[in-house]
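Pasting upload.cif here (mmCIF, C-alpha atoms):
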```cif
data_run
loop_
_atom_site.group_PDB
_atom_site.id
_atom_site.type_symbol
_atom_site.label_atom_id
_atom_site.label_comp_id
_atom_site.auth_asym_id
_atom_site.auth_seq_id
_atom_site.Cartn_x
_atom_site.Cartn_y
_atom_site.Cartn_z
ATOM 1 C CA ARG A 677 -77.316 47.423 22.728
ATOM 2 C CA ILE A 678 -77.502 50.158 25.329
ATOM 3 C CA ALA A 679 -74.485 52.131 26.510
ATOM 4 C CA PRO A 680 -73.690 55.399 28.275
ATOM 5 C CA ALA A 681 -72.004 58.345 26.585
ATOM 6 C CA VAL A 682 -70.854 61.771 27.713
ATOM 7 C CA ALA A 683 -71.426 65.249 26.273
ATOM 8 C CA ILE A 684 -68.197 66.931 25.151
ATOM 9 C CA LYS A 685 -69.546 69.919 23.174
ATOM 10 C CA SER A 686 -72.548 72.142 23.815
ATOM 11 C CA ASP A 687 -73.942 71.752 20.285
ATOM 12 C CA GLY A 688 -74.916 68.117 20.798
ATOM 13 C CA VAL A 689 -71.669 66.145 20.457
ATOM 14 C CA PHE A 690 -71.104 63.041 22.591
ATOM 15 C CA LEU A 691 -68.283 60.573 23.159
ATOM 16 C CA VAL A 692 -69.344 56.922 23.023
ATOM 17 C CA PRO A 693 -67.710 53.466 22.790
ATOM 18 C CA LEU A 694 -67.063 52.771 19.106
ATOM 19 C CA ASP A 695 -68.117 49.117 19.335
ATOM 20 C CA VAL A 696 -71.659 50.185 20.256
ATOM 21 C CA VAL A 697 -72.218 52.340 17.163
ATOM 22 C CA LYS A 698 -69.833 51.250 14.398
ATOM 23 C CA ASP A 699 -72.169 48.627 12.885
ATOM 24 C CA ALA A 700 -75.457 50.204 13.966
ATOM 25 C CA LYS A 701 -78.247 50.419 11.393
ATOM 26 C CA GLU A 702 -80.313 52.647 13.674
ATOM 27 C CA LEU A 703 -79.360 54.813 16.628
ATOM 28 C CA GLN A 704 -81.275 56.651 19.318
ATOM 29 C CA ILE A 705 -80.129 58.987 22.082
ATOM 30 C CA ARG A 706 -81.956 59.527 25.369
ATOM 31 C CA LEU A 707 -80.876 62.458 27.510
ATOM 32 C CA GLN A 708 -81.021 62.256 31.292
ATOM 33 C CA ASN A 709 -84.029 64.620 31.287
ATOM 34 C CA GLY A 710 -86.083 62.120 29.270
ATOM 35 C CA GLU A 711 -85.763 63.725 25.830
ATOM 36 C CA VAL A 712 -85.266 61.303 22.946
ATOM 37 C CA PHE A 713 -83.461 62.003 19.652
ATOM 38 C CA ASP A 714 -83.830 59.630 16.696
ATOM 39 C CA ASP A 715 -81.667 61.508 14.141
ATOM 40 C CA VAL A 716 -78.028 60.794 15.031
ATOM 41 C CA SER A 717 -74.854 61.127 12.983
ATOM 42 C CA MET A 718 -71.197 60.211 13.466
ATOM 43 C CA ILE A 719 -68.446 62.829 13.326
ATOM 44 C CA SER A 720 -65.247 60.856 13.836
ATOM 45 C CA LEU A 721 -63.742 57.741 15.404
ATOM 46 C CA ASP A 722 -60.516 56.395 16.864
ATOM 47 C CA GLY A 723 -60.293 52.648 16.332
ATOM 48 C CA ARG A 724 -57.162 52.274 18.466
ATOM 49 C CA ARG A 725 -58.897 53.694 21.538
ATOM 50 C CA ASN A 726 -62.330 52.318 20.558
ATOM 51 C CA VAL A 727 -64.121 55.673 20.844
ATOM 52 C CA ALA A 728 -66.353 57.659 18.488
ATOM 53 C CA THR A 729 -68.103 61.012 18.504
ATOM 54 C CA ILE A 730 -71.771 61.266 17.582
ATOM 55 C CA LYS A 731 -74.033 64.276 17.198
ATOM 56 C CA ILE A 732 -77.667 65.294 17.557
ATOM 57 C CA ARG A 733 -79.096 68.551 16.235
ATOM 58 C CA GLY A 734 -81.138 71.337 17.763
ATOM 59 C CA VAL A 735 -79.845 71.201 21.340
ATOM 60 C CA GLU A 736 -77.796 73.408 23.626
ATOM 61 C CA LEU A 737 -76.068 71.321 26.276
ATOM 62 C CA LYS A 738 -74.287 72.219 29.486
ATOM 63 C CA VAL A 739 -70.888 70.542 29.238
ATOM 64 C CA ALA A 740 -68.639 70.000 32.237
ATOM 65 C CA GLU A 741 -64.904 70.556 31.821
ATOM 66 C CA SER A 742 -63.031 67.247 31.759
ATOM 67 C CA PRO A 743 -60.059 67.299 34.148
ATOM 68 C CA ASN A 744 -56.640 65.983 33.177
ATOM 69 C CA ALA A 745 -56.547 62.318 34.194
ATOM 70 C CA ASP A 746 -52.784 62.525 34.765
ATOM 71 C CA ALA A 747 -53.456 64.969 37.627
ATOM 72 C CA LEU A 748 -55.487 62.444 39.614
ATOM 73 C CA LYS A 749 -53.716 61.087 42.677
ATOM 74 C CA LEU A 750 -53.149 57.445 43.525
ATOM 75 C CA GLY A 751 -56.105 56.204 45.559
ATOM 76 C CA GLU A 752 -58.329 59.163 44.669
ATOM 77 C CA LYS A 753 -62.040 58.332 44.725
ATOM 78 C CA LEU A 754 -63.916 57.889 41.438
ATOM 79 C CA THR A 755 -67.522 57.083 40.560
ATOM 80 C CA ILE A 756 -68.357 54.887 37.589
ATOM 81 C CA VAL A 757 -71.750 55.326 35.925
ATOM 82 C CA MET A 758 -72.943 52.557 33.626
ATOM 83 C CA HIS A 759 -75.848 50.669 32.164
ATOM 84 C CA SER A 760 -75.852 47.225 33.735
ATOM 85 C CA PRO A 761 -78.126 44.210 33.238
ATOM 86 C CA GLY A 762 -81.572 44.939 34.655
ATOM 87 C CA ASN A 763 -80.863 48.610 35.342
ATOM 88 C CA LEU A 764 -80.832 51.549 32.954
ATOM 89 C CA TRP A 765 -78.328 53.330 35.209
ATOM 90 C CA SER A 766 -76.201 52.127 38.078
ATOM 91 C CA GLU A 767 -73.085 53.408 39.788
ATOM 92 C CA THR A 768 -70.173 52.016 41.741
ATOM 93 C CA ILE A 769 -67.263 53.523 43.656
ATOM 94 C CA ALA A 770 -63.734 53.165 42.285
ATOM 95 C CA SER A 771 -60.229 54.380 43.105
ATOM 96 C CA VAL A 772 -57.320 55.505 40.941
ATOM 97 C CA THR A 773 -54.440 53.056 40.600
ATOM 98 C CA GLY A 774 -52.478 54.973 37.984
ATOM 99 C CA SER A 775 -52.230 56.801 34.672
ATOM 100 C CA LYS A 776 -50.066 54.783 32.299
ATOM 101 C CA MET A 777 -49.509 53.551 28.778
ATOM 102 C CA ALA A 778 -51.922 50.862 27.621
ATOM 103 C CA ASP A 779 -48.896 48.741 26.695
ATOM 104 C CA GLU A 780 -48.332 48.155 30.429
ATOM 105 C CA ILE A 781 -51.767 46.521 30.879
ATOM 106 C CA GLN A 782 -52.405 43.115 29.349
ATOM 107 C CA GLY A 783 -55.101 43.331 26.690
ATOM 108 C CA ALA A 784 -55.507 47.111 26.862
ATOM 109 C CA GLY A 785 -53.896 47.967 23.528
ATOM 110 C CA GLN A 786 -50.804 49.844 22.456
ATOM 111 C CA CYS A 787 -49.438 53.373 22.133
ATOM 112 C CA PHE A 788 -51.978 55.408 24.098
ATOM 113 C CA ARG A 789 -52.478 56.464 27.711
ATOM 114 C CA VAL A 790 -55.231 55.140 29.972
ATOM 115 C CA LEU A 791 -56.560 55.775 33.450
ATOM 116 C CA GLN A 792 -56.382 52.582 35.504
ATOM 117 C CA PHE A 793 -58.724 52.005 38.443
ATOM 118 C CA GLU A 794 -59.935 49.459 40.967
ATOM 119 C CA ALA A 795 -63.691 48.829 41.075
ATOM 120 C CA GLU A 796 -66.139 45.966 41.173
ATOM 121 C CA LEU A 797 -67.908 45.979 37.814
ATOM 122 C CA PRO A 798 -70.614 43.490 36.810
ATOM 123 C CA GLY A 799 -70.529 41.523 33.619
ATOM 124 C CA GLY A 800 -72.697 42.556 30.700
ATOM 125 C CA ILE A 801 -71.914 46.277 30.441
ATOM 126 C CA ASP A 802 -71.095 48.165 27.236
ATOM 127 C CA GLY A 803 -68.722 50.818 28.518
ATOM 128 C CA ALA A 804 -69.072 53.334 31.353
ATOM 129 C CA ILE A 805 -68.370 56.939 32.324
ATOM 130 C CA VAL A 806 -65.724 57.628 34.993
ATOM 131 C CA LEU A 807 -66.307 60.677 37.227
ATOM 132 C CA ASP A 808 -63.795 62.305 39.554
ATOM 133 C CA ALA A 809 -64.471 63.229 43.190
ATOM 134 C CA SER A 810 -66.253 66.406 42.039
ATOM 135 C CA GLU A 811 -68.449 64.343 39.671
ATOM 136 C CA ASN A 812 -66.829 65.776 36.546
ATOM 137 C CA PRO A 813 -66.448 63.255 33.693
ATOM 138 C CA VAL A 814 -62.776 62.359 33.394
ATOM 139 C CA ALA A 815 -62.625 59.154 31.329
ATOM 140 C CA VAL A 816 -64.671 56.693 29.290
ATOM 141 C CA LEU A 817 -64.490 52.931 29.688
ATOM 142 C CA THR A 818 -64.865 51.809 26.075
ATOM 143 C CA ASN A 819 -64.486 48.038 26.215
ATOM 144 C CA GLU A 820 -67.346 45.616 26.784
ATOM 145 C CA VAL A 821 -67.195 43.927 30.184
ATOM 146 C CA VAL A 822 -68.422 40.376 29.645
ATOM 147 C CA ALA A 823 -67.687 38.885 33.094
ATOM 148 C CA PRO A 824 -67.380 40.598 36.509
ATOM 149 C CA ILE A 825 -64.026 42.319 37.128
ATOM 150 C CA ASN A 826 -62.396 44.170 40.037
ATOM 151 C CA SER A 827 -60.134 46.483 38.033
ATOM 152 C CA GLY A 828 -60.191 48.202 34.671
ATOM 153 C CA PHE A 829 -58.948 51.033 32.494
ATOM 154 C CA ALA A 830 -60.577 53.948 30.685
ATOM 155 C CA ILE A 831 -59.696 56.494 28.002
ATOM 156 C CA PRO A 832 -59.110 60.031 29.362
ATOM 157 C CA ILE A 833 -61.717 62.313 27.776
ATOM 158 C CA ALA A 834 -59.263 65.197 27.421
ATOM 159 C CA SER A 835 -57.083 63.055 25.114
ATOM 160 C CA VAL A 836 -59.866 62.411 22.558
ATOM 161 C CA LYS A 837 -62.072 65.487 22.924
ATOM 162 C CA ASN A 838 -60.877 66.894 19.582
ATOM 163 C CA LEU A 839 -62.667 64.027 17.824
ATOM 164 C CA GLY A 840 -65.785 66.154 18.281
ATOM 165 C CA ASP A 841 -64.512 68.847 15.914
ATOM 166 C CA GLY A 842 -65.620 68.860 12.294
ATOM 167 C CA ALA A 843 -68.689 67.927 10.285
ATOM 168 C CA SER A 844 -70.702 64.713 10.383
ATOM 169 C CA THR A 845 -69.343 61.913 8.201
ATOM 170 C CA ARG A 846 -72.138 59.343 8.488
ATOM 171 C CA SER A 847 -75.850 59.329 9.288
ATOM 172 C CA PHE A 848 -77.488 56.423 11.081
ATOM 173 C CA GLY A 849 -80.959 55.168 10.256
ATOM 174 C CA ASN A 850 -83.824 56.800 12.118
ATOM 175 C CA GLY A 851 -84.049 55.258 15.575
ATOM 176 C CA LYS A 852 -87.716 56.040 16.250
ATOM 177 C CA ALA A 853 -88.644 52.360 16.374
ATOM 178 C CA LEU A 854 -86.108 51.600 19.116
ATOM 179 C CA THR A 855 -87.565 51.208 22.587
ATOM 180 C CA LEU A 856 -86.108 50.363 25.968
ATOM 181 C CA PRO A 857 -87.008 46.998 27.487
ATOM 182 C CA ALA A 858 -89.880 47.356 29.954
ATOM 183 C CA SER A 859 -87.552 46.329 32.794
ATOM 184 C CA LEU A 860 -85.393 49.405 32.108
ATOM 185 C CA ALA A 861 -88.155 51.978 31.850
ATOM 186 C CA ALA A 862 -87.420 53.486 35.286
ATOM 187 C CA LEU A 863 -84.075 54.872 36.420
ATOM 188 C CA LYS A 864 -82.623 52.908 39.307
ATOM 189 C CA LEU A 865 -79.303 52.940 41.145
ATOM 190 C CA LEU A 866 -77.837 49.704 42.436
ATOM 191 C CA ARG A 867 -75.308 50.868 45.005
ATOM 192 C CA ASN A 868 -76.377 54.297 46.235
ATOM 193 C CA PRO A 869 -80.155 54.403 46.785
ATOM 194 C CA SER A 870 -79.894 57.596 48.849
ATOM 195 C CA LYS A 871 -78.841 59.587 45.792
ATOM 196 C CA ASP A 872 -81.337 60.672 43.158
ATOM 197 C CA PRO A 873 -80.189 59.104 39.862
ATOM 198 C CA LYS A 874 -81.448 62.097 37.913
ATOM 199 C CA ASP A 875 -79.163 64.360 39.963
ATOM 200 C CA LEU A 876 -76.223 62.046 39.361
ATOM 201 C CA LEU A 877 -76.855 61.896 35.625
ATOM 202 C CA LEU A 878 -77.343 65.648 35.348
ATOM 203 C CA SER A 879 -73.971 66.298 36.928
ATOM 204 C CA SER A 880 -72.257 63.640 34.816
ATOM 205 C CA LYS A 881 -73.808 64.820 31.513
ATOM 206 C CA THR A 882 -74.483 61.241 30.478
ATOM 207 C CA ILE A 883 -76.898 59.802 27.943
ATOM 208 C CA ALA A 884 -78.158 56.398 26.938
ATOM 209 C CA VAL A 885 -77.302 55.258 23.434
ATOM 210 C CA ASN A 886 -79.740 52.659 22.130
ATOM 211 C CA SER A 887 -78.584 50.929 18.923
ATOM 212 C CA ARG A 888 -79.651 48.090 16.661
ATOM 213 C CA THR A 889 -77.262 46.369 14.273
ATOM 214 C CA SER A 890 -79.792 44.426 12.216
ATOM 215 C CA LEU A 891 -83.290 45.169 10.928
#
```
Target encoding structure tokens, full file:
Amino acid sequence: RIAPAVAIKSDGVFLVPLDVVKDAKELQIRLQNGEVFDDVSMISLDGRRNVATIKIRGVELKVAESPNADALKLGEKLTIVMHSPGNLWSETIASVTGSKMADEIQGAGQCFRVLQFEAELPGGIDGAIVLDASENPVAVLTNEVVAPINSGFAIPIASVKNLGDGASTRSFGNGKALTLPASLAALKLLRNPSKDPKDLLLSSKTIAVNSRTSL
């Protein structure tokens, strides 16, 4: 499985969908600059919101401040960055439809706040990163999108950022043997070919998480 994640602390801590890593035997992280890290550990998780924090060692990251999702205005433009079938990275435009309790959205969960948006998302994606109009990461879409949808919800990063505090609680197996499919070796954007994907990923502080659940 391949999914995006977002840096939340400068010492190598990332926020990632829990479903992608919870049963992983091996884990590998690829930064947007091409660097690969095979030694990955988990710090904490929130099963209700389906998010986890993972960590790599020996890096100093530039981390963008995550705005308060509640401050976003109705209709405000968003950009969603994701791994989609056939493309390591793709992006699509979205718009804010509200900040509300998950209880108000069928199938979203209970007792936590989410950012709701309108966007055309393809099927087959394992989460996504939601950026505001200034391309700062504001939320993480943590659920797997099996079939195409035109609306969704994401977990505000500011509400779970503290999961990155503390020491590692679990080490994954060395991910050196994991490789990307040949079809995903080059970065490619689906919807905005005029924009350099490396520039987009640098500003969004995203990574690719490559995991395997069985040997």
With a distance cut-off of 9 Å and all atoms listed in the file, select the neighbouring residues of stretch 777-792 of chain A, excluding the residue or stretch itself and same-chain residues fewer than 3 positions from it, and output the selection as a VMD selection string. chain A and resid 724 to 725 745 to 746 771 to 774 815 827 to 832 835
Starting from the shown file, work through the PyMOL selection byres ((chain A and resi 687-689) around 8) and note down what comes out as a PDB file with C-alpha atoms, keeping the file's coordinate frame.
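Saved the output as selection.pdb:
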```pdb
ATOM      1  CA  ALA A 683     -71.426  65.249  26.273  1.00  0.00           C
ATOM      2  CA  ILE A 684     -68.197  66.931  25.151  1.00  0.00           C
ATOM      3  CA  LYS A 685     -69.546  69.919  23.174  1.00  0.00           C
ATOM      4  CA  SER A 686     -72.548  72.142  23.815  1.00  0.00           C
ATOM      5  CA  PHE A 690     -71.104  63.041  22.591  1.00  0.00           C
ATOM      6  CA  LEU A 691     -68.283  60.573  23.159  1.00  0.00           C
ATOM      7  CA  THR A 729     -68.103  61.012  18.504  1.00  0.00           C
ATOM      8  CA  ILE A 730     -71.771  61.266  17.582  1.00  0.00           C
ATOM      9  CA  LYS A 731     -74.033  64.276  17.198  1.00  0.00           C
ATOM     10  CA  ILE A 732     -77.667  65.294  17.557  1.00  0.00           C
ATOM     11  CA  ARG A 733     -79.096  68.551  16.235  1.00  0.00           C
ATOM     12  CA  GLY A 734     -81.138  71.337  17.763  1.00  0.00           C
ATOM     13  CA  VAL A 735     -79.845  71.201  21.340  1.00  0.00           C
ATOM     14  CA  GLU A 736     -77.796  73.408  23.626  1.00  0.00           C
ATOM     15  CA  LEU A 737     -76.068  71.321  26.276  1.00  0.00           C
ATOM     16  CA  GLY A 840     -65.785  66.154  18.281  1.00  0.00           C
TER      17      GLY A 840
END
```
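If you measure from each of A:Pro693, A:Gly799, A:Gly762, A:Gly851 to A:Val716 using all atoms listed in the file, the closest one turns out to be A:Gly851.
This file, filtered with the PyMOL selection byres ((chain A and resi 808) around 10), gives the residues Ser742, Pro743, Ala745, Leu748, Glu752, Lys753, Leu754, Thr755, Ile756, Ala770, Ser771, Val772, Val806, Leu807, Ala809, Ser810, Glu811, Asn812, Pro813, Val814, Ala815 and Ser880 of chain A.
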Using only C-alpha atoms, which of the listed residues (A:Pro798, A:Arg677, A:Ala853, A:Lys749) sits closest to A:Pro824? A:Pro798
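Checking A:Val692, A:Ile678, A:Met718, A:Ala823 one by one against A:Trp765, counting all atoms listed in the file, you find the shortest gap at A:Ile678.
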By how many Å are atom CA of A:Ala795 and atom CA of A:Val682 apart? 19.9 Å
